[in-house]
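Report on one structure; see the data block that follows.
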Amino acid sequence: MIRVKQINLLKNLIANELGARHFATVEKVDEADKKTPLFDFHIKHGAKIVPFAGYLMPVQYSDQSLTESHFHTRNNVSIFDVSHMLQTKIYGKHRSEFMESLTTADVQSLKPNHGTLTVFTNEKGGIKDDLIVTKTDKDYLYVVTNAGCIDKDLPHMRTHAEQFRKNGFDVTIEPQDEQCLIAVQGPKMMELLYSVVSFDIMKLYFMTSAIGKVCGIENCRVTRCGYTGEDGVEISVGRKHAADLCNSLLKSTKAVTKLAGLGVRDSLRLEAGLCLYGNDIDETTTPVEANLTWLIAQSRRKAGGFPGADIILKQLKSKTVSRKRVGFIAEKGRPPRAGALIVDNHKNVIGKITSGCPSPSLKQNIAMGYVNSEKSAIGTKLSIDVTGQGQLYVDAKVVKMPFVPTHYHMPPKK
């Protein structure tokens, strides 16, 4: 799980809406923190580096404030280094069955080069991590999991693969340690990449994937997805070519392209209503409680076969859980933060905030958190204890998420 002090640092950066060259003091870097292959590239481009999920990552760049970077991504196109994410190839005749034994996805029914967001679950129905599984037209599945969960996800997959093989099945796990992952996000992504990819990117729809040349670099896997709510792709590229790829995109005259860091990534994903593992979902929350029932494929609702299926499917069938994840818009003033208590009539604690920040797009404070199910209806008015000491409450209302419209590139309707 991501360390709380690191999350708080990011939250404070966003809350303060730092100017272009004003950064918070960063605590001493842990020598155990790793660097992505783009570390020197980030320093050269004026990045402020912070420890995050075991890596030294750029939180902001010197040419833009966080608010400026947020709007640049919403209106133009930004490049994010997400190479701290774990990329894995799953080989073997029974690779789809293997992933279905760990997740709620219907991997076998995916079309070639199509992917799905899903979750690893535990025996109690909790979420071990969220991940994307792509069924390629090659002899492997392409899996991307969270950086903060590498230490448990990789052993989890390897342990189960070993047991799978003992039971006579064919599956092999291969982490892609030599690959970087670059997210290119924003409405001008298509203009930026259209002439520099070797395939028709117009026909690459949301959650589909293709391999080709990007800026002349061979064997790049381009997946139409992202974590901002905007149209975008994630490009898996060999580590020795990652800086060249970023430089080529930054120099392009097709679109005004800038680098963006973790600080703006957090405000973008929250506006899009997307969960951050370790904050909004964890091993104590089920997909039903998290309002992520759409991640449970219809075929899996009938067949089960994933960890915690009995608990999760019972919740689905009964349509009753004690708590639910919801979104809030809060009154102006101090924004709600993770851990703030949600109260009814300023006295009865009915839940807790898991993420919150000022929304640059809405110019309002937004948050998500868990409340007692009977208080989860859209329009319900509640209060949030923003000090944690019962000294200052802000009024808030339960609203539908995402907070701002998403702009994913979907296939034309038939």
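Starting from 1 in every chain, residues are counted up; chains themselves are A, B, ... following the order of the structure tokens, and ligands are numbered from 1 as listed.
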
Show which residues sit within 9 Å of Ser252 (chain A), as a ChimeraX atom specification. Count only C-alpha atoms, and ignore same-chain residues fewer than 5 positions away.
/A:192,247,257

Dump C-alpha atoms for the selected residues as a PDB file, in the first residue's frame?
```pdb
ATOM      1  CA  LEU A 192       0.278  14.446 -31.911  1.00  0.00           C
ATOM      2  CA  ASN A 247      11.910  14.147 -26.747  1.00  0.00           C
ATOM      3  CA  THR A 257       2.916  19.011 -25.721  1.00  0.00           C
TER       4      THR A 257
END
```

Please, which residues in region 296-328 of chain A fall within 7 Å of region 112-130 of chain A when counting only C-alpha atoms, and what is the closest atom pair and distance in Å to one decimal for each, ordered by chain then residue number, as JSON lines?
```
{"residue": "A:Pro307", "atom": "CA", "partner": "A:Glu123", "partner_atom": "CA", "distance": 4.8}
{"residue": "A:Gly308", "atom": "CA", "partner": "A:Gly125", "partner_atom": "CA", "distance": 4.0}
{"residue": "A:Ala309", "atom": "CA", "partner": "A:Gly125", "partner_atom": "CA", "distance": 6.6}
{"residue": "A:Ile311", "atom": "CA", "partner": "A:Gly125", "partner_atom": "CA", "distance": 5.9}
{"residue": "A:Ile312", "atom": "CA", "partner": "A:Gly125", "partner_atom": "CA", "distance": 5.7}
```

Kindly save the residues from that selection, with C-alpha atoms included, as an mmCIF file, in the first residue's frame.
```cif
data_model
loop_
_atom_site.group_PDB
_atom_site.id
_atom_site.type_symbol
_atom_site.label_atom_id
_atom_site.label_comp_id
_atom_site.auth_asym_id
_atom_site.auth_seq_id
_atom_site.Cartn_x
_atom_site.Cartn_y
_atom_site.Cartn_z
ATOM 1 C CA PRO A 307 -11.376 -15.483 -4.868
ATOM 2 C CA GLY A 308 -14.172 -14.232 -2.616
ATOM 3 C CA ALA A 309 -16.831 -15.008 -5.244
ATOM 4 C CA ILE A 311 -19.218 -13.039 -0.736
ATOM 5 C CA ILE A 312 -19.203 -10.735 -3.766
#
```

Report, in Å with one decimal, the straight-line distance from CA of Val143 (chain A) to CA of Ala242 (chain A).
19.5 Å

Might you pull out every residue within 10 Å of Ile350 (chain A), with only C-alpha atoms counted and same-chain residues fewer than 6 positions away left off, and present them as a PyMOL selection string?
chain A and resi 323+341-344+370-375+382-383

Compare A:Ser209, A:Gln163, A:Arg269, A:Pro58 by their minimum atom-to-atom distance to Lys44 (chain A), counting only C-alpha atoms, and give me the closest one.
A:Pro58

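We find CA of Gly388 (chain A) and CA of Gly339 (chain A) to be spaced 8.0 Å apart.
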
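If only C-alpha atoms are the atoms counted, then among A:Thr73, A:Ser96, A:Thr159, A:Ser101 the closest residue to Ala303 (chain A) is A:Ser101.
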
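Excluding Arg158 (chain A) itself and same-chain residues fewer than 2 positions from it, the residues having an atom within 12 Å of it are Thr88, Lys89, Ile90, Phe98, Met99, Leu102, Ile150, Asp151, Lys152, Asp153, Leu154, Pro155, His156, His160, Ala161, Glu162, Gln163, Phe164, Arg165, Val171, Thr172, Ile173, Glu174 and Pro175 of chain A, counting only C-alpha atoms.
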
Would you export the selected residues with C-alpha atoms as a compact mmCIF listing (two decimals), in the first residue's frame, please?
```txt
# COMPACT_ATOMS: atom_id res chain seq x y z
CA THR A 88 3.88 -8.48 -17.19
CA LYS A 89 3.38 -11.01 -19.97
CA ILE A 90 1.45 -14.18 -19.14
CA PHE A 98 -5.22 -18.52 -14.96
CA MET A 99 -6.11 -14.82 -14.92
CA LEU A 102 -7.45 -14.46 -9.80
CA ILE A 150 4.38 -4.76 -7.06
CA ASP A 151 5.69 -6.40 -3.90
CA LYS A 152 2.46 -8.33 -3.49
CA ASP A 153 1.11 -8.62 -7.06
CA LEU A 154 4.12 -10.34 -8.60
CA PRO A 155 4.51 -12.92 -5.80
CA HIS A 156 0.72 -13.42 -5.90
CA HIS A 160 -0.65 -19.13 -8.08
CA ALA A 161 1.10 -19.92 -11.37
CA GLU A 162 3.24 -22.49 -9.59
CA GLN A 163 0.15 -24.10 -8.09
CA PHE A 164 -1.57 -23.92 -11.45
CA ARG A 165 1.29 -25.84 -13.03
CA VAL A 171 1.13 -20.87 -17.52
CA THR A 172 4.31 -18.75 -17.18
CA ILE A 173 4.81 -15.28 -15.67
CA GLU A 174 7.36 -12.91 -17.28
CA PRO A 175 7.78 -9.38 -15.84
```

Give me, as a ChimeraX atom specification, all polymer residues having an atom no more than 8 Å from His45 (chain A), counting only C-alpha atoms and skipping those fewer than 3 positions away in the same chain.
/A:41-42,61-62

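Candidate residues A:Asp106, A:His346, A:Leu276, A:Arg224 were compared for distance to Gln391 (chain A), and the nearest is A:His346, using only C-alpha atoms.
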
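Distance check against Gly333 (chain A) using only C-alpha atoms: of A:Glu283, A:Asp310, A:Asp395, A:Asp63, the minimum falls on A:Asp395.
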
In terms of the shortest atom-to-atom distance over only C-alpha atoms, which of A:His94, A:Asp81, A:Met189, A:Ala297 is closest to Ser109 (chain A)?
A:Ala297

For CA of Ile235 (chain A) and CA of Thr223 (chain A), the interatomic separation in Å (one decimal):
6.5 Å

Quick check for you: according to DSSP on this backbone, which residues of region 207-314 of chain A are classed as alpha helix (DSSP H)? Reply as a VMD selection string.
chain A and resid 242 to 251 262 to 271 298 to 303 309 to 314

Taking a cut-off of 10 Å and counting only C-alpha atoms, can you build a table that, for each residue of region 116-184 of chain A near region 204-208 of chain A, reports the nearest atom pair and how far apart they are in Å (one decimal), sorted by chain then residue number, as JSON lines?
```
{"residue": "A:Thr116", "atom": "CA", "partner": "A:Met207", "partner_atom": "CA", "distance": 6.5}
{"residue": "A:Leu117", "atom": "CA", "partner": "A:Met207", "partner_atom": "CA", "distance": 8.4}
{"residue": "A:Ile132", "atom": "CA", "partner": "A:Met207", "partner_atom": "CA", "distance": 8.8}
{"residue": "A:Val133", "atom": "CA", "partner": "A:Met207", "partner_atom": "CA", "distance": 9.5}
{"residue": "A:Thr134", "atom": "CA", "partner": "A:Thr208", "partner_atom": "CA", "distance": 7.8}
{"residue": "A:Lys135", "atom": "CA", "partner": "A:Thr208", "partner_atom": "CA", "distance": 9.3}
{"residue": "A:Thr136", "atom": "CA", "partner": "A:Thr208", "partner_atom": "CA", "distance": 9.3}
```

Dump as a short mmCIF file (atom, residue, chain, number, x, y, z; two decimals), in the first residue's frame, selection limited to C-alpha atoms:
```
data_model
loop_
_atom_site.label_atom_id
_atom_site.label_comp_id
_atom_site.auth_asym_id
_atom_site.auth_seq_id
_atom_site.Cartn_x
_atom_site.Cartn_y
_atom_site.Cartn_z
CA THR A 116 -10.41 -4.90 -19.72
CA LEU A 117 -10.03 -3.21 -16.37
CA ILE A 132 -5.66 -4.01 -16.98
CA VAL A 133 -5.54 -7.34 -18.80
CA THR A 134 -5.13 -7.29 -22.59
CA LYS A 135 -5.64 -10.41 -24.69
CA THR A 136 -3.10 -9.92 -27.46
#
```

List the spatial neighbours of Gln60 (chain A) as a list in words - criterion: any atom at most 9 Å away, only C-alpha atoms, same-chain residues fewer than 2 positions off excluded.
Ala20, Phe23, Gly46, Ala47, Lys48, Ile49, Pro58, Ser62, Asp63, Gln64, Ser65, Leu66, Ser69, Leu259, Ala260, Gly261, Leu262, Gly263 and Val264 of chain A

Report the residues of region 55-178 of chain A whose backbone DSSP state falls under strand (DSSP E), written as a PyMOL selection string.
chain A and resi 55-61+77-81+86-91+114-121+127-135+140-145+172-175

C-alpha atoms of the current selection, written as an mmCIF file, in the first residue's frame:
```cif
data_model
loop_
_atom_site.group_PDB
_atom_site.id
_atom_site.type_symbol
_atom_site.label_atom_id
_atom_site.label_comp_id
_atom_site.auth_asym_id
_atom_site.auth_seq_id
_atom_site.Cartn_x
_atom_site.Cartn_y
_atom_site.Cartn_z
ATOM 1 C CA TYR A 55 10.034 5.066 -6.793
ATOM 2 C CA LEU A 56 11.439 8.560 -7.231
ATOM 3 C CA MET A 57 8.835 10.212 -9.433
ATOM 4 C CA PRO A 58 8.202 13.699 -10.872
ATOM 5 C CA VAL A 59 5.375 15.454 -9.073
ATOM 6 C CA GLN A 60 5.561 18.722 -11.041
ATOM 7 C CA TYR A 61 7.705 20.523 -13.640
ATOM 8 C CA VAL A 77 -1.847 16.930 -24.490
ATOM 9 C CA SER A 78 0.542 15.933 -21.706
ATOM 10 C CA ILE A 79 3.156 13.219 -21.272
ATOM 11 C CA PHE A 80 3.325 11.252 -17.994
ATOM 12 C CA ASP A 81 6.031 8.801 -16.987
ATOM 13 C CA LEU A 86 4.404 -3.335 -13.354
ATOM 14 C CA GLN A 87 4.145 -4.708 -16.895
ATOM 15 C CA THR A 88 3.878 -8.482 -17.195
ATOM 16 C CA LYS A 89 3.377 -11.006 -19.971
ATOM 17 C CA ILE A 90 1.447 -14.178 -19.145
ATOM 18 C CA TYR A 91 2.295 -17.104 -21.417
ATOM 19 C CA HIS A 114 -8.819 -5.972 -26.539
ATOM 20 C CA GLY A 115 -8.363 -5.356 -22.855
ATOM 21 C CA THR A 116 -10.409 -4.902 -19.719
ATOM 22 C CA LEU A 117 -10.035 -3.213 -16.371
ATOM 23 C CA THR A 118 -10.465 -5.742 -13.577
ATOM 24 C CA VAL A 119 -9.474 -6.468 -9.979
ATOM 25 C CA PHE A 120 -7.533 -9.098 -8.097
ATOM 26 C CA THR A 121 -9.750 -10.215 -5.207
ATOM 27 C CA ILE A 127 -9.666 -5.865 -3.713
ATOM 28 C CA LYS A 128 -5.965 -6.781 -3.775
ATOM 29 C CA ASP A 129 -5.321 -4.436 -6.705
ATOM 30 C CA ASP A 130 -6.869 -3.069 -9.882
ATOM 31 C CA LEU A 131 -5.236 -3.940 -13.210
ATOM 32 C CA ILE A 132 -5.658 -4.007 -16.976
ATOM 33 C CA VAL A 133 -5.541 -7.340 -18.799
ATOM 34 C CA THR A 134 -5.126 -7.292 -22.590
ATOM 35 C CA LYS A 135 -5.638 -10.409 -24.689
ATOM 36 C CA TYR A 140 0.523 -13.977 -24.269
ATOM 37 C CA LEU A 141 -1.655 -11.735 -22.137
ATOM 38 C CA TYR A 142 -0.328 -8.242 -21.446
ATOM 39 C CA VAL A 143 -1.004 -7.181 -17.846
ATOM 40 C CA VAL A 144 -0.386 -3.808 -16.176
ATOM 41 C CA THR A 145 -0.671 -3.525 -12.391
ATOM 42 C CA THR A 172 4.309 -18.750 -17.181
ATOM 43 C CA ILE A 173 4.815 -15.281 -15.670
ATOM 44 C CA GLU A 174 7.357 -12.909 -17.283
ATOM 45 C CA PRO A 175 7.783 -9.382 -15.836
#
```
